[in-house]
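To be precise, the following lines are my_file.cif, and they hold mmCIF, C-alpha atoms.
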```
data_structure
#
loop_
_atom_site.group_PDB
_atom_site.id
_atom_site.type_symbol
_atom_site.label_atom_id
_atom_site.label_comp_id
_atom_site.auth_asym_id
_atom_site.auth_seq_id
_atom_site.Cartn_x
_atom_site.Cartn_y
_atom_site.Cartn_z
ATOM 1 C CA MET A 1 -36.247 34.175 -21.481
ATOM 2 C CA ALA A 2 -34.495 31.986 -24.021
ATOM 3 C CA GLU A 3 -31.089 33.117 -22.777
ATOM 4 C CA HIS A 4 -32.113 32.510 -19.157
ATOM 5 C CA GLY A 5 -33.283 29.003 -20.016
ATOM 6 C CA ARG A 6 -30.064 28.318 -21.870
ATOM 7 C CA MET A 7 -27.875 29.400 -18.925
ATOM 8 C CA ALA A 8 -29.821 27.144 -16.598
ATOM 9 C CA GLU A 9 -28.688 24.155 -18.637
ATOM 10 C CA PHE A 10 -24.987 24.556 -17.895
ATOM 11 C CA SER A 11 -23.698 21.876 -15.504
ATOM 12 C CA LEU A 12 -20.680 21.944 -13.211
ATOM 13 C CA SER A 13 -19.466 18.611 -14.559
ATOM 14 C CA GLY A 14 -19.696 19.943 -18.109
ATOM 15 C CA LEU A 15 -17.880 23.159 -17.214
ATOM 16 C CA ARG A 16 -15.206 21.162 -15.393
ATOM 17 C CA ALA A 17 -14.686 18.999 -18.491
ATOM 18 C CA VAL A 18 -14.387 22.092 -20.711
ATOM 19 C CA GLN A 19 -11.898 23.663 -18.288
ATOM 20 C CA GLN A 20 -9.732 20.529 -18.139
ATOM 21 C CA VAL A 21 -9.686 20.081 -21.938
ATOM 22 C CA ALA A 22 -8.552 23.696 -22.281
ATOM 23 C CA ALA A 23 -5.882 23.258 -19.589
ATOM 24 C CA THR A 24 -4.407 20.082 -21.101
ATOM 25 C CA GLY A 25 -5.118 20.727 -24.786
ATOM 26 C CA SER A 26 -6.364 17.164 -25.140
ATOM 27 C CA PHE A 27 -9.611 15.243 -24.588
ATOM 28 C CA THR A 28 -7.584 12.165 -23.615
ATOM 29 C CA ALA A 29 -5.459 14.016 -21.050
ATOM 30 C CA ALA A 30 -8.577 15.669 -19.610
ATOM 31 C CA ALA A 31 -10.223 12.261 -19.215
ATOM 32 C CA ASP A 32 -7.152 10.920 -17.390
ATOM 33 C CA ALA A 33 -7.008 13.931 -15.073
ATOM 34 C CA LEU A 34 -10.696 13.766 -14.160
ATOM 35 C CA GLY A 35 -10.919 9.982 -13.993
ATOM 36 C CA TYR A 36 -13.445 9.641 -16.846
ATOM 37 C CA THR A 37 -13.407 7.905 -20.205
ATOM 38 C CA GLN A 38 -12.611 9.975 -23.282
ATOM 39 C CA SER A 39 -16.132 9.391 -24.625
ATOM 40 C CA ALA A 40 -17.613 10.759 -21.379
ATOM 41 C CA ILE A 41 -15.521 13.936 -21.703
ATOM 42 C CA SER A 42 -16.577 14.276 -25.353
ATOM 43 C CA ARG A 43 -20.245 13.998 -24.369
ATOM 44 C CA GLN A 44 -19.844 16.604 -21.635
ATOM 45 C CA VAL A 45 -18.162 19.042 -24.017
ATOM 46 C CA ALA A 46 -20.763 18.376 -26.704
ATOM 47 C CA ALA A 47 -23.539 19.149 -24.195
ATOM 48 C CA MET A 48 -21.865 22.436 -23.276
ATOM 49 C CA GLU A 49 -21.458 23.302 -26.978
ATOM 50 C CA GLN A 50 -25.173 22.688 -27.495
ATOM 51 C CA VAL A 51 -25.984 25.099 -24.676
ATOM 52 C CA ALA A 52 -23.437 27.658 -25.889
ATOM 53 C CA GLY A 53 -24.741 27.397 -29.436
ATOM 54 C CA ALA A 54 -21.264 27.170 -30.999
ATOM 55 C CA PRO A 55 -18.123 24.988 -30.984
ATOM 56 C CA LEU A 56 -15.925 25.491 -27.936
ATOM 57 C CA PHE A 57 -12.702 23.985 -29.336
ATOM 58 C CA GLU A 58 -10.809 23.836 -32.604
ATOM 59 C CA ARG A 59 -8.111 21.355 -33.541
ATOM 60 C CA HIS A 60 -4.512 22.318 -34.262
ATOM 61 C CA ALA A 61 -1.241 20.457 -34.769
ATOM 62 C CA ARG A 62 -0.672 19.704 -31.080
ATOM 63 C CA GLY A 63 -4.211 19.081 -29.896
ATOM 64 C CA VAL A 64 -7.159 21.386 -29.341
ATOM 65 C CA ARG A 65 -7.545 24.999 -28.218
ATOM 66 C CA PRO A 66 -10.567 27.108 -27.256
ATOM 67 C CA THR A 67 -12.496 29.043 -29.856
ATOM 68 C CA THR A 68 -13.559 32.618 -29.156
ATOM 69 C CA VAL A 69 -16.822 31.300 -27.727
ATOM 70 C CA GLY A 70 -14.861 28.748 -25.716
ATOM 71 C CA GLU A 71 -12.671 31.446 -24.161
ATOM 72 C CA VAL A 72 -15.757 33.392 -23.086
ATOM 73 C CA LEU A 73 -17.256 30.311 -21.464
ATOM 74 C CA LEU A 74 -13.953 29.448 -19.772
ATOM 75 C CA ARG A 75 -13.797 32.839 -18.041
ATOM 76 C CA HIS A 76 -17.219 32.282 -16.526
ATOM 77 C CA ALA A 77 -16.543 28.586 -15.877
ATOM 78 C CA THR A 78 -13.528 29.470 -13.731
ATOM 79 C CA VAL A 79 -15.634 31.784 -11.570
ATOM 80 C CA LEU A 80 -18.481 29.283 -11.248
ATOM 81 C CA LEU A 81 -16.247 26.303 -10.486
ATOM 82 C CA ASP A 82 -14.201 28.250 -7.950
ATOM 83 C CA ALA A 83 -17.414 29.331 -6.241
ATOM 84 C CA ALA A 84 -18.730 25.771 -6.261
ATOM 85 C CA ALA A 85 -15.428 24.454 -4.859
ATOM 86 C CA ALA A 86 -15.457 27.117 -2.132
ATOM 87 C CA ALA A 87 -19.025 26.218 -1.218
ATOM 88 C CA GLU A 88 -18.092 22.546 -1.133
ATOM 89 C CA ARG A 89 -15.171 23.219 1.197
ATOM 90 C CA GLU A 90 -17.213 25.399 3.543
ATOM 91 C CA LEU A 91 -20.030 22.878 3.732
ATOM 92 C CA ALA A 92 -17.536 20.109 4.443
ATOM 93 C CA ALA A 93 -15.921 22.156 7.200
ATOM 94 C CA ALA A 94 -19.356 22.912 8.672
ATOM 95 C CA ARG A 95 -20.036 19.187 8.860
ATOM 96 C CA GLU A 96 -16.543 18.648 10.341
ATOM 97 C CA ARG A 97 -15.999 15.999 7.740
ATOM 98 C CA PRO A 98 -13.774 17.073 4.827
ATOM 99 C CA ALA A 99 -15.156 16.058 1.467
ATOM 100 C CA GLY A 100 -14.595 16.959 -2.155
ATOM 101 C CA ARG A 101 -12.210 16.446 -5.054
ATOM 102 C CA LEU A 102 -8.505 17.190 -4.743
ATOM 103 C CA VAL A 103 -6.108 17.241 -7.700
ATOM 104 C CA VAL A 104 -2.657 16.078 -6.592
ATOM 105 C CA GLY A 105 0.484 16.248 -8.693
ATOM 106 C CA VAL A 106 3.294 13.826 -7.876
ATOM 107 C CA TYR A 107 6.792 13.216 -9.227
ATOM 108 C CA PRO A 108 7.011 9.904 -11.163
ATOM 109 C CA THR A 109 8.630 7.666 -8.524
ATOM 110 C CA GLY A 110 6.256 9.036 -5.898
ATOM 111 C CA HIS A 111 3.610 6.839 -7.550
ATOM 112 C CA LEU A 112 5.495 3.734 -6.463
ATOM 113 C CA VAL A 113 5.190 3.858 -2.667
ATOM 114 C CA LEU A 114 4.413 7.254 -1.123
ATOM 115 C CA LEU A 115 1.240 8.153 -3.013
ATOM 116 C CA PRO A 116 -0.423 4.689 -2.912
ATOM 117 C CA ARG A 117 0.094 4.406 0.853
ATOM 118 C CA ALA A 118 -1.158 7.949 1.397
ATOM 119 C CA LEU A 119 -4.282 7.261 -0.686
ATOM 120 C CA ALA A 120 -4.974 4.064 1.238
ATOM 121 C CA LEU A 121 -4.802 5.909 4.568
ATOM 122 C CA LEU A 122 -6.841 8.823 3.212
ATOM 123 C CA HIS A 123 -9.626 6.528 2.003
ATOM 124 C CA GLN A 124 -9.682 4.842 5.385
ATOM 125 C CA GLU A 125 -9.846 8.027 7.457
ATOM 126 C CA HIS A 126 -11.467 10.544 5.075
ATOM 127 C CA PRO A 127 -13.645 8.631 2.587
ATOM 128 C CA GLY A 128 -15.287 11.875 1.467
ATOM 129 C CA ILE A 129 -12.088 13.173 -0.137
ATOM 130 C CA GLU A 130 -11.574 12.021 -3.725
ATOM 131 C CA VAL A 131 -8.059 12.437 -5.142
ATOM 132 C CA SER A 132 -7.246 12.790 -8.834
ATOM 133 C CA PRO A 133 -3.491 12.088 -9.197
ATOM 134 C CA HIS A 134 -1.388 13.613 -11.962
ATOM 135 C CA SER A 135 2.215 12.523 -12.610
ATOM 136 C CA ASN A 136 4.847 14.910 -13.961
ATOM 137 C CA GLY A 137 8.327 16.249 -13.382
ATOM 138 C CA SER A 138 8.805 18.434 -10.321
ATOM 139 C CA ARG A 139 9.391 21.661 -12.251
ATOM 140 C CA SER A 140 6.269 21.064 -14.340
ATOM 141 C CA LEU A 141 4.231 20.335 -11.205
ATOM 142 C CA LEU A 142 5.208 23.679 -9.674
ATOM 143 C CA ARG A 143 4.028 25.461 -12.826
ATOM 144 C CA MET A 144 0.744 23.561 -12.641
ATOM 145 C CA LEU A 145 0.360 24.492 -8.963
ATOM 146 C CA ARG A 146 0.782 28.190 -9.729
ATOM 147 C CA ALA A 147 -1.722 27.829 -12.594
ATOM 148 C CA HIS A 148 -4.250 26.208 -10.192
ATOM 149 C CA GLN A 149 -4.232 22.974 -12.201
ATOM 150 C CA VAL A 150 -3.193 20.965 -9.131
ATOM 151 C CA GLU A 151 -3.838 21.779 -5.464
ATOM 152 C CA VAL A 152 -0.990 19.780 -3.934
ATOM 153 C CA ALA A 153 2.365 19.178 -5.625
ATOM 154 C CA ILE A 154 4.583 16.391 -4.293
ATOM 155 C CA ILE A 155 8.016 17.142 -5.714
ATOM 156 C CA VAL A 156 11.549 15.873 -5.299
ATOM 157 C CA ARG A 157 14.453 18.296 -4.878
ATOM 158 C CA ALA A 158 17.995 17.103 -5.510
ATOM 159 C CA PRO A 159 21.199 19.047 -4.781
ATOM 160 C CA GLY A 160 21.515 21.875 -7.292
ATOM 161 C CA ASP A 161 17.787 22.130 -8.064
ATOM 162 C CA ASP A 162 16.811 25.816 -8.050
ATOM 163 C CA TYR A 163 13.022 25.547 -7.804
ATOM 164 C CA ASP A 164 11.256 28.831 -7.100
ATOM 165 C CA LEU A 165 9.049 28.268 -4.049
ATOM 166 C CA THR A 166 8.355 31.959 -3.418
ATOM 167 C CA GLY A 167 4.807 32.511 -2.200
ATOM 168 C CA LEU A 168 4.162 28.790 -1.728
ATOM 169 C CA ARG A 169 3.877 26.659 1.378
ATOM 170 C CA HIS A 170 6.272 23.722 1.395
ATOM 171 C CA GLU A 171 6.974 20.973 3.881
ATOM 172 C CA ARG A 172 9.773 18.413 3.806
ATOM 173 C CA LEU A 173 8.373 14.886 3.929
ATOM 174 C CA LEU A 174 11.383 12.688 3.249
ATOM 175 C CA GLY A 175 15.118 12.934 2.822
ATOM 176 C CA ALA A 176 17.501 10.151 1.911
ATOM 177 C CA ARG A 177 20.949 9.785 0.415
ATOM 178 C CA LEU A 178 21.171 8.136 -2.952
ATOM 179 C CA ARG A 179 22.620 4.664 -3.226
ATOM 180 C CA VAL A 180 23.910 2.513 -6.064
ATOM 181 C CA ALA A 181 22.180 -0.718 -7.090
ATOM 182 C CA VAL A 182 24.361 -3.546 -8.441
ATOM 183 C CA PRO A 183 23.578 -7.168 -9.332
ATOM 184 C CA ASP A 184 24.195 -9.699 -6.565
ATOM 185 C CA ASN A 185 27.039 -11.304 -8.517
ATOM 186 C CA HIS A 186 28.806 -7.982 -9.068
ATOM 187 C CA ARG A 187 32.412 -7.606 -7.881
ATOM 188 C CA LEU A 188 31.284 -4.936 -5.367
ATOM 189 C CA ALA A 189 28.142 -6.671 -4.112
ATOM 190 C CA GLY A 190 29.748 -8.079 -0.974
ATOM 191 C CA ARG A 191 30.807 -4.683 0.315
ATOM 192 C CA VAL A 192 28.860 -2.431 2.676
ATOM 193 C CA SER A 193 29.949 0.745 0.906
ATOM 194 C CA VAL A 194 31.956 1.904 -2.098
ATOM 195 C CA THR A 195 33.687 5.083 -3.224
ATOM 196 C CA PRO A 196 33.184 7.043 -6.465
ATOM 197 C CA ASP A 197 36.578 5.735 -7.634
ATOM 198 C CA ASP A 198 35.231 2.170 -7.364
ATOM 199 C CA LEU A 199 32.471 3.120 -9.837
ATOM 200 C CA ARG A 200 34.473 4.895 -12.558
ATOM 201 C CA ASP A 201 34.761 1.942 -14.949
ATOM 202 C CA GLU A 202 31.182 0.703 -14.535
ATOM 203 C CA SER A 203 28.442 0.655 -17.168
ATOM 204 C CA TRP A 204 25.487 2.806 -16.102
ATOM 205 C CA ILE A 205 21.760 2.441 -16.623
ATOM 206 C CA VAL A 206 20.395 5.965 -16.386
ATOM 207 C CA GLY A 207 17.014 7.660 -16.496
ATOM 208 C CA ALA A 208 15.497 8.874 -19.744
ATOM 209 C CA ALA A 209 13.604 12.080 -19.027
ATOM 210 C CA GLY A 210 11.588 14.547 -21.043
ATOM 211 C CA PRO A 211 12.086 18.327 -20.901
ATOM 212 C CA GLY A 212 11.854 19.599 -17.330
ATOM 213 C CA ASP A 213 11.761 16.126 -15.790
ATOM 214 C CA GLY A 214 14.200 15.126 -13.092
ATOM 215 C CA HIS A 215 16.224 11.969 -13.697
ATOM 216 C CA LEU A 216 19.215 10.124 -12.326
ATOM 217 C CA GLY A 217 22.346 9.661 -14.377
ATOM 218 C CA ALA A 218 25.717 8.244 -13.423
ATOM 219 C CA TRP A 219 27.137 9.112 -10.015
ATOM 220 C CA PRO A 220 28.027 12.838 -9.951
ATOM 221 C CA GLY A 221 31.700 13.603 -10.410
ATOM 222 C CA ILE A 222 32.510 10.619 -12.633
ATOM 223 C CA ASP A 223 34.068 11.977 -15.828
ATOM 224 C CA GLN A 224 32.762 10.579 -19.105
ATOM 225 C CA PRO A 225 30.742 7.716 -17.589
ATOM 226 C CA ARG A 226 29.943 4.745 -19.786
ATOM 227 C CA ILE A 227 26.159 4.832 -20.400
ATOM 228 C CA ALA A 228 24.841 1.407 -21.346
ATOM 229 C CA TYR A 229 21.087 2.158 -21.404
ATOM 230 C CA ALA A 230 18.732 5.085 -20.793
ATOM 231 C CA VAL A 231 15.242 3.995 -19.722
ATOM 232 C CA LYS A 232 12.379 5.861 -18.085
ATOM 233 C CA ASP A 233 10.604 3.046 -16.246
ATOM 234 C CA TRP A 234 12.084 1.990 -12.897
ATOM 235 C CA HIS A 235 10.939 -1.620 -13.226
ATOM 236 C CA ALA A 236 12.849 -1.890 -16.511
ATOM 237 C CA ARG A 237 15.900 -0.172 -15.041
ATOM 238 C CA LEU A 238 16.067 -2.504 -12.045
ATOM 239 C CA GLY A 239 15.421 -5.506 -14.264
ATOM 240 C CA MET A 240 18.473 -4.572 -16.332
ATOM 241 C CA VAL A 241 20.563 -4.300 -13.164
ATOM 242 C CA ALA A 242 19.420 -7.747 -12.013
ATOM 243 C CA ALA A 243 20.354 -9.122 -15.441
ATOM 244 C CA GLY A 244 23.899 -7.791 -15.069
ATOM 245 C CA LEU A 245 23.625 -5.136 -17.785
ATOM 246 C CA GLY A 246 24.901 -2.301 -15.607
ATOM 247 C CA ILE A 247 24.454 -0.439 -12.332
ATOM 248 C CA THR A 248 22.206 2.502 -11.426
ATOM 249 C CA GLN A 249 21.564 5.136 -8.788
ATOM 250 C CA VAL A 250 18.511 4.517 -6.602
ATOM 251 C CA PRO A 251 16.567 6.940 -4.402
ATOM 252 C CA GLY A 252 14.906 5.816 -1.205
ATOM 253 C CA SER A 253 11.463 5.686 -2.842
ATOM 254 C CA VAL A 254 12.650 2.892 -5.145
ATOM 255 C CA MET A 255 14.460 0.760 -2.561
ATOM 256 C CA SER A 256 11.310 -1.171 -1.655
ATOM 257 C CA MET A 257 10.865 -2.181 -5.322
ATOM 258 C CA MET A 258 14.194 -3.940 -5.580
ATOM 259 C CA SER A 259 13.721 -7.628 -6.249
ATOM 260 C CA ARG A 260 16.040 -10.533 -5.596
ATOM 261 C CA GLY A 261 19.296 -10.350 -7.467
ATOM 262 C CA ILE A 262 20.035 -6.701 -6.593
ATOM 263 C CA THR A 263 22.137 -5.185 -3.814
ATOM 264 C CA ALA A 264 22.050 -1.510 -2.786
ATOM 265 C CA LEU A 265 25.376 -0.012 -1.708
ATOM 266 C CA ARG A 266 26.151 3.164 0.210
ATOM 267 C CA VAL A 267 28.557 5.498 -1.565
ATOM 268 C CA ASP A 268 31.143 7.171 0.665
ATOM 269 C CA ASP A 269 31.156 10.611 -0.902
ATOM 270 C CA ASP A 270 31.240 13.937 0.918
ATOM 271 C CA GLY A 271 29.239 15.668 -1.805
ATOM 272 C CA PRO A 272 25.555 16.647 -1.364
ATOM 273 C CA HIS A 273 23.729 13.546 -2.566
ATOM 274 C CA THR A 274 20.508 13.717 -0.562
ATOM 275 C CA ARG A 275 17.164 14.058 -2.338
ATOM 276 C CA HIS A 276 14.284 15.649 -0.459
ATOM 277 C CA VAL A 277 10.585 15.045 -1.068
ATOM 278 C CA LEU A 278 8.439 18.145 -0.483
ATOM 279 C CA ALA A 279 4.683 18.728 -0.282
ATOM 280 C CA VAL A 280 3.929 22.127 -1.830
ATOM 281 C CA THR A 281 0.599 23.999 -1.652
ATOM 282 C CA PRO A 282 -0.551 27.578 -2.309
ATOM 283 C CA GLN A 283 -0.396 30.083 0.536
ATOM 284 C CA THR A 284 -4.181 30.382 0.532
ATOM 285 C CA GLY A 285 -5.655 27.793 2.851
ATOM 286 C CA ASN A 286 -7.444 24.755 1.449
ATOM 287 C CA PRO A 287 -8.857 22.339 4.059
ATOM 288 C CA LEU A 288 -8.719 19.354 1.700
ATOM 289 C CA ALA A 289 -5.094 20.045 0.776
ATOM 290 C CA ALA A 290 -4.167 20.507 4.439
ATOM 291 C CA THR A 291 -5.828 17.197 5.329
ATOM 292 C CA PHE A 292 -3.984 15.376 2.555
ATOM 293 C CA VAL A 293 -0.609 16.892 3.475
ATOM 294 C CA GLY A 294 -1.207 15.707 7.041
ATOM 295 C CA VAL A 295 -1.761 12.176 5.739
ATOM 296 C CA LEU A 296 1.388 12.413 3.615
ATOM 297 C CA ARG A 297 3.349 13.529 6.676
ATOM 298 C CA ARG A 298 2.229 10.493 8.653
ATOM 299 C CA VAL A 299 2.915 8.038 5.835
ATOM 300 C CA ALA A 300 6.360 9.520 5.136
ATOM 301 C CA GLY A 301 7.241 9.240 8.816
ATOM 302 C CA ALA A 302 6.261 5.577 9.066
ATOM 303 C CA ASP A 303 9.116 3.116 9.487
ATOM 304 C CA ALA A 304 7.794 1.023 6.603
ATOM 305 C CA LEU A 305 8.385 3.828 4.095
#
```

Show the structure stored in the file as C-alpha cells.
Amino acid sequence: MAEHGRMAEFSLSGLRAVQQVAATGSFTAAADALGYTQSAISRQVAAMEQVAGAPLFERHARGVRPTTVGEVLLRHATVLLDAAAAAERELAAARERPAGRLVVGVYPTGHLVLLPRALALLHQEHPGIEVSPHSNGSRSLLRMLRAHQVEVAIIVRAPGDDYDLTGLRHERLLGARLRVAVPDNHRLAGRVSVTPDDLRDESWIVGAAGPGDGHLGAWPGIDQPRIAYAVKDWHARLGMVAAGLGITQVPGSVMSMMSRGITALRVDDDGPHTRHVLAVTPQTGNPLAATFVGVLRRVAGADAL
C-alpha cells in the first residue's frame, strides 16, 4: 500500500522536469527549454526525489547526470509522458482543435524573422498550441530531433552541407542567394552587383560559431581573405558594417534587420550560393507538428518575409 501511495504522487510536470534536466544536463537549460524559472525546476525535481526516496541526479564537471535511481525513473517517465502526449493529441484531434505543447528547434537566425512571425500566426489561429523554442545549429537540431528532444527542426542547408535526412520528413520553406552587405559610403555601394574579384581585398566580418554550428565566412573562393572580426550576434555584425569596419555575407533572413547605413549587393558568381530553410519532422505523424509546419509554410511564402 505504501508503494501504491507513493506512485500516485508522481506528477507529469515533475516527470517532464526530470526528463528535461537529464536531456540537457543542466537545471538552467531545462528551465529555458520548458519556459520555467530555475527554482521552479529545482522544486519539481525535489518533489520527484521525495517520492522516489533517493536523489535523482549527481553533479559532475559539466553539469548533472542521473543517478541509478534517476535512470530507473527516467525509463518509466518516458513511457508515461509519451502516453500522456499521445492522449493529449488524440483528445485535441477529437475536439478538432489542436492543443498541447510543441518543442521546436530553430537555427539561430531563424529567431529573427521566420519564427516570431510563425508564432504570431499560430497564436492567432491555434491558441491551444504552446511552442517551446530551442535555438541551436542545424546539425545539432537534427540530432535532437532523432533523440525526440524536439518535434520540429527548422534548419538551414547551405551548398556542401551533407545533413543526413534519412527517415525524416523535410519540406523546403525558403531559398535565397546570399548577398554581401557593405556600408553606404563604401566604394562599391553605388553598384547593383559585384563580382568575387571586386571583393578580394576587402576586410571581412565573419560569424563566430561553436562546434557543429553553421556560420558565414568570407565569400567562397576568395583565397586568404582578410578577417577583421569574428562575431556571433547578427546585430553586432551589421553594426560593424554600418561603422565601416568591414563587409559581410548576409542571408535572406537577415535582410530585414539591416538598418540605415548598409547596402546589400548581389554577387555575380556562378557557384552554388543559395541557402535553403527546411522544416524537418519525424516520419511518424504528429498533428501539432503538422499544424505548425503548415503555419511556417504560409509565413515563409508571404511577400513580407

Leu15 in chain A proximity check over A:Ala77, A:Leu56, A:Met240, A:Ala33, using all atoms listed in the file: winner is A:Ala77

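Applied to this file, the PyMOL selection byres ((chain A and resi 88) around 12) selects Leu81, Asp82, Ala83, Ala84, Ala85, Ala86, Ala87, Arg89, Glu90, Leu91, Ala92, Ala93, Ala94, Arg95, Arg97, Pro98, Ala99, Gly100, Arg101, Leu102, Gly128, Ile129, Asn286, Pro287 and Leu288 of chain A.
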
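Across A:Gly70, A:Pro251, A:Gly63, A:Pro183, the tightest approach to Phe27 in chain A is made by A:Gly63 when counting all atoms listed in the file.
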
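The nearest approach to Ala147 in chain A among the residues A:Leu199, A:Ala23, A:Leu34, A:Val299, with only C-alpha atoms taken into account, belongs to A:Ala23.
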
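Taking all atoms listed in the file into account, Val277 in chain A lies nearest to A:Ala158 out of the set A:Ala158, A:Ala46, A:Leu119, A:Val69.
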
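Between CA of Leu265 in chain A and CA of Val192 in chain A lies a distance of 6.1 Å.
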
Please identify every residue of range 58-124 of chain A that has at least one atom no farther than 10 Å from an atom of range 216-235 of chain A, counting all atoms listed in the file, and for each give the shortest atom pair and the distance in Å to one decimal, arranged by chain then increasing number, as CSV.
```
residue,atom,partner,partner_atom,distance
A:Pro108,CA,A:Asp233,CA,9.3
A:Thr109,CA,A:Trp234,CA,8.0
A:Leu112,CA,A:Trp234,CA,9.4
```

What do you get, as a count of residues only, if you spell out every residue that the PyMOL selection byres ((chain A and resi 35) around 12) selects here? 24

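Closest to Ile262 in chain A among A:Thr248, A:Thr78, A:Gln283, A:Thr166 is A:Thr248, based on only C-alpha atoms.
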
To one decimal place in Å, what is the distance between CA of His276 in chain A and CA of Glu171 in chain A? 10.0 Å

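You can rank A:Leu12, A:Leu142, A:Leu121, A:Asp184 by their closest distance to Arg260 in chain A using only C-alpha atoms, and at the top of that list sits A:Asp184.
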
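The interatomic distance for the pair CA of Val106 in chain A and CA of Ser135 in chain A works out to 5.0 Å.
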
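For Ala120 in chain A, the list of residues within 12 Å, based on all atoms listed in the file and with local chain neighbours fewer than 4 positions off taken out, reads Val113, Leu114, Leu115, Pro116, Gln124, Glu125, His126, Pro127, Ile129, Glu130, Val131, Phe292, Val295, Leu296 and Val299 of chain A.
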
Taking every listed atom of range 290-293 of chain A and adding 8 Å to each side, what centre and edge lengths in Å (one decimal) does the axis-aligned box have, as lines of an AutoDock Vina configuration file?
```
center_x = -3.2
center_y = 17.9
center_z = 3.9
size_x = 21.2
size_y = 21.1
size_z = 18.8
```

Decode the PyMOL selection byres ((chain A and resi 65) around 10) for the given file into explicit residues and return them as a ChimeraX atom specification. /A:21-26,56-60,62-64,66-68,70-71

Residues of range 64-149 of chain A within 10 Å of range 159-165 of chain A: nearest atom pair and distance (Å, one decimal) for each, counting all atoms listed in the file, sorted by chain and number, as a tab-separated table?
```
residue	atom	partner	partner_atom	distance
A:Ser138	CA	A:Tyr163	CA	8.6
A:Arg139	CA	A:Tyr163	CA	6.9
A:Leu142	CA	A:Leu165	CA	8.2
A:Arg143	CA	A:Asp164	CA	9.8
```

Please write as a ChimeraX atom specification the list of polymer residues whose atoms come within 7 Å of (19.5, 10.3, 2.7), counting all atoms listed in the file and keeping to the coordinates of the file. /A:175-178,274-275

Emit range 215-227 of chain A of the structure in the block as a file comprising N, CA, C and O atoms, as a PDB file, in the first residue's frame.
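Result file is result13.pdb:
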```pdb
ATOM      1  N   HIS A 215      27.917  28.838 -40.003  1.00  0.00           N
ATOM      2  CA  HIS A 215      28.240  30.257 -39.923  1.00  0.00           C
ATOM      3  C   HIS A 215      28.664  30.710 -41.306  1.00  0.00           C
ATOM      4  O   HIS A 215      28.914  29.914 -42.206  1.00  0.00           O
ATOM      5  N   LEU A 216      28.736  32.010 -41.485  1.00  0.00           N
ATOM      6  CA  LEU A 216      29.128  32.580 -42.760  1.00  0.00           C
ATOM      7  C   LEU A 216      30.492  33.229 -42.627  1.00  0.00           C
ATOM      8  O   LEU A 216      30.720  34.050 -41.739  1.00  0.00           O
ATOM      9  N   GLY A 217      31.397  32.854 -43.517  1.00  0.00           N
ATOM     10  CA  GLY A 217      32.713  33.463 -43.527  1.00  0.00           C
ATOM     11  C   GLY A 217      32.818  34.463 -44.661  1.00  0.00           C
ATOM     12  O   GLY A 217      31.849  35.104 -45.051  1.00  0.00           O
ATOM     13  N   ALA A 218      34.016  34.576 -45.227  1.00  0.00           N
ATOM     14  CA  ALA A 218      34.199  35.410 -46.405  1.00  0.00           C
ATOM     15  C   ALA A 218      33.553  34.713 -47.602  1.00  0.00           C
ATOM     16  O   ALA A 218      33.228  33.531 -47.543  1.00  0.00           O
ATOM     17  N   TRP A 219      33.400  35.453 -48.691  1.00  0.00           N
ATOM     18  CA  TRP A 219      32.769  34.868 -49.876  1.00  0.00           C
ATOM     19  C   TRP A 219      33.591  33.671 -50.358  1.00  0.00           C
ATOM     20  O   TRP A 219      34.813  33.750 -50.470  1.00  0.00           O
ATOM     21  N   PRO A 220      32.925  32.530 -50.622  1.00  0.00           N
ATOM     22  CA  PRO A 220      33.652  31.327 -51.044  1.00  0.00           C
ATOM     23  C   PRO A 220      34.496  31.577 -52.293  1.00  0.00           C
ATOM     24  O   PRO A 220      34.082  32.283 -53.218  1.00  0.00           O
ATOM     25  N   GLY A 221      35.681  31.009 -52.297  1.00  0.00           N
ATOM     26  CA  GLY A 221      36.558  31.126 -53.453  1.00  0.00           C
ATOM     27  C   GLY A 221      37.589  32.228 -53.337  1.00  0.00           C
ATOM     28  O   GLY A 221      38.507  32.307 -54.163  1.00  0.00           O
ATOM     29  N   ILE A 222      37.474  33.084 -52.312  1.00  0.00           N
ATOM     30  CA  ILE A 222      38.466  34.137 -52.113  1.00  0.00           C
ATOM     31  C   ILE A 222      39.619  33.554 -51.296  1.00  0.00           C
ATOM     32  O   ILE A 222      39.435  33.116 -50.162  1.00  0.00           O
ATOM     33  N   ASP A 223      40.802  33.529 -51.881  1.00  0.00           N
ATOM     34  CA  ASP A 223      41.965  32.948 -51.208  1.00  0.00           C
ATOM     35  C   ASP A 223      42.487  33.885 -50.127  1.00  0.00           C
ATOM     36  O   ASP A 223      42.622  35.093 -50.331  1.00  0.00           O
ATOM     37  N   GLN A 224      42.755  33.308 -48.970  1.00  0.00           N
ATOM     38  CA  GLN A 224      43.332  34.036 -47.839  1.00  0.00           C
ATOM     39  C   GLN A 224      42.628  35.380 -47.602  1.00  0.00           C
ATOM     40  O   GLN A 224      43.239  36.450 -47.658  1.00  0.00           O
ATOM     41  N   PRO A 225      41.334  35.335 -47.321  1.00  0.00           N
ATOM     42  CA  PRO A 225      40.606  36.593 -47.062  1.00  0.00           C
ATOM     43  C   PRO A 225      41.102  37.262 -45.785  1.00  0.00           C
ATOM     44  O   PRO A 225      41.561  36.596 -44.853  1.00  0.00           O
ATOM     45  N   ARG A 226      40.993  38.574 -45.770  1.00  0.00           N
ATOM     46  CA  ARG A 226      41.399  39.343 -44.592  1.00  0.00           C
ATOM     47  C   ARG A 226      40.213  39.381 -43.617  1.00  0.00           C
ATOM     48  O   ARG A 226      39.197  40.003 -43.888  1.00  0.00           O
ATOM     49  N   ILE A 227      40.335  38.710 -42.479  1.00  0.00           N
ATOM     50  CA  ILE A 227      39.270  38.655 -41.478  1.00  0.00           C
ATOM     51  C   ILE A 227      39.510  39.743 -40.436  1.00  0.00           C
ATOM     52  O   ILE A 227      40.500  39.704 -39.698  1.00  0.00           O
TER      53      ILE A 227
END
```
